[in-house]
Amino acid sequence: TIQAITDELLAIAAGETVFQSETVIRTLQGERLDVLFTITFPPPSEPYDRVLITWSDISDRKQAEEKLQKSEAEFRTISNAAPALVWVCDAEGKNVYSNERWYEYTGQTEAQAAGYGWVETIHPDDTARILPYWERCQQTGETYEGEVRYRRHDGEYRWHVFRALPRCGVNGRIEAWYGLSVDISDRKQAEADLQERSEHIRLLYETTRDLLSTNEPLDLVETLFAKLKPPIGLDV
């Protein structure tokens with residue numbers, strides 16, 4: 001309230017005719033109210049013998065603002081705690097938020113990732129596939145999901161699975177996209193190693209079967225060694 005009075009005096013000194021400020025008052029019943037008060041002064045050409053003071057109860061608006069601020073703070077806390085890259089884009093696909101994990105992983109600054117800067121982290125071979133799909137999802141509202149390679153801060157590209165859902169307004173139009181990306185490079189490598197071992201086992205099984213069933217083992221052995229040399233690295 002003291003600050004409001006000070007601001008009012010400064011407004012008078014500056015010759016302003018309208019002054020507004022927010023403050024807190026208590027009613028006679030002890031109720032706390034957030035109010036916006038407006039003071040209208042006479043114009044400089046008229047006698048300074050009156051002022052118009054109005055008060056507006058803005059408690060509901062202030063409570064809504066506090067809830068929004070709390071909700072945003074909770075979202076940031078949760079997203080920063082997640083072991084994933086969490087990001088938010090507007091309806092046009094421009095980045096408006098990334099969690100701390102994104103900046104740690106990519107090495108980008110907030111300014112570098114903003115807008116379409118996040119595209120710079122996508123592997124060049126994936127760009128032609130991902131961007132048209134992303135644009136289509138923005139138009140249709142379908143879930144945006146798939147796999148893509150992001151460049152890590154050390155220059156290595158690693159596979160991520162991503163998924164994003166749109167948030168629509170009361171008019172049904174998309175207002176924002178909320179998504180996350182999870183590193184699956186180790187899983188994909190494990191799957192590739194398993195596939196390679198399975199192929200080796202299949203070849204060894206076929207080799208054993210052919211050896212047991214042939215009447216000309218020497219010719220078959222030569223053929224089998226030639227067949228097995230590339231996949232399992234035989235040096236013969």
# chains A, B, ... in the order shown; residues from 1 in each chain; ligands from 1
>>> select_by_dssp(residues="segment 103-167 of chain A", states="helix (DSSP H, G or I)", output="PDB file with C-alpha atoms, in the first residue's frame")
ATOM      1  CA  TYR A 103      20.090 -28.879 -23.073  1.00  0.00           C
ATOM      2  CA  GLU A 104      22.394 -31.295 -21.233  1.00  0.00           C
ATOM      3  CA  TYR A 105      22.043 -33.929 -23.948  1.00  0.00           C
ATOM      4  CA  THR A 106      22.233 -31.794 -27.104  1.00  0.00           C
ATOM      5  CA  GLU A 110      17.741 -22.183 -24.827  1.00  0.00           C
ATOM      6  CA  ALA A 111      18.117 -19.644 -27.631  1.00  0.00           C
ATOM      7  CA  GLN A 112      19.546 -22.264 -30.012  1.00  0.00           C
ATOM      8  CA  ALA A 113      16.702 -24.728 -29.389  1.00  0.00           C
ATOM      9  CA  GLY A 117      16.393 -24.686 -33.778  1.00  0.00           C
ATOM     10  CA  TRP A 118      15.680 -28.202 -32.485  1.00  0.00           C
ATOM     11  CA  VAL A 119      15.691 -29.428 -36.105  1.00  0.00           C
ATOM     12  CA  GLU A 120      19.471 -28.910 -36.168  1.00  0.00           C
ATOM     13  CA  THR A 121      19.897 -31.883 -33.820  1.00  0.00           C
ATOM     14  CA  PRO A 124      20.453 -35.476 -41.844  1.00  0.00           C
ATOM     15  CA  ASP A 125      19.248 -38.862 -43.093  1.00  0.00           C
ATOM     16  CA  ASP A 126      16.152 -38.613 -40.864  1.00  0.00           C
ATOM     17  CA  THR A 127      15.178 -35.041 -41.694  1.00  0.00           C
ATOM     18  CA  ALA A 128      13.483 -35.833 -45.014  1.00  0.00           C
ATOM     19  CA  ARG A 129      11.378 -38.479 -43.281  1.00  0.00           C
ATOM     20  CA  ILE A 130      10.563 -36.688 -40.023  1.00  0.00           C
ATOM     21  CA  LEU A 131       9.747 -33.127 -41.043  1.00  0.00           C
ATOM     22  CA  PRO A 132       6.972 -33.898 -43.587  1.00  0.00           C
ATOM     23  CA  TYR A 133       5.440 -36.292 -41.057  1.00  0.00           C
ATOM     24  CA  TRP A 134       5.613 -33.607 -38.340  1.00  0.00           C
ATOM     25  CA  GLU A 135       3.899 -31.094 -40.644  1.00  0.00           C
ATOM     26  CA  ARG A 136       1.152 -33.598 -41.433  1.00  0.00           C
ATOM     27  CA  CYS A 137       0.501 -34.230 -37.745  1.00  0.00           C
ATOM     28  CA  GLN A 138       0.211 -30.481 -37.139  1.00  0.00           C
ATOM     29  CA  GLN A 139      -2.503 -30.330 -39.788  1.00  0.00           C
ATOM     30  CA  THR A 140      -4.427 -33.476 -38.838  1.00  0.00           C
TER      31      THR A 140
END
>>> select_by_dssp(residues="segment 73-115 of chain A", states="strand (DSSP E)", output="list in words")
Leu85, Val86, Trp87, Val88, Cys89, Asp90, Asn95, Val96, Tyr97 and Ser98 of chain A
>>> closest_residue(among="A:Ser45, A:Val24, A:Val88, A:His153", to="Thr109 of chain A", atoms="only C-alpha atoms")
A:His153
>>> residues_around(residues="segment 179-181 of chain A", least_positions_apart="2", cutoff="10 Å", atoms="only C-alpha atoms", output="VMD selection string")
chain A and resid 79 82 to 89 98 to 99 102 143 to 148 150 159 to 166 176 to 177 183 to 184
>>> atom_distance(atom1="atom CA of Lys70 of chain A", atom2="atom CA of Arg32 of chain A")
20.3 Å
>>> residues_around(residues="Leu33 of chain A", least_positions_apart="4", cutoff="8 Å", atoms="only C-alpha atoms", output="list in words")
Val24, Ile25, Arg26, Thr27, Asp57, Ile58 and Ser59 of chain A
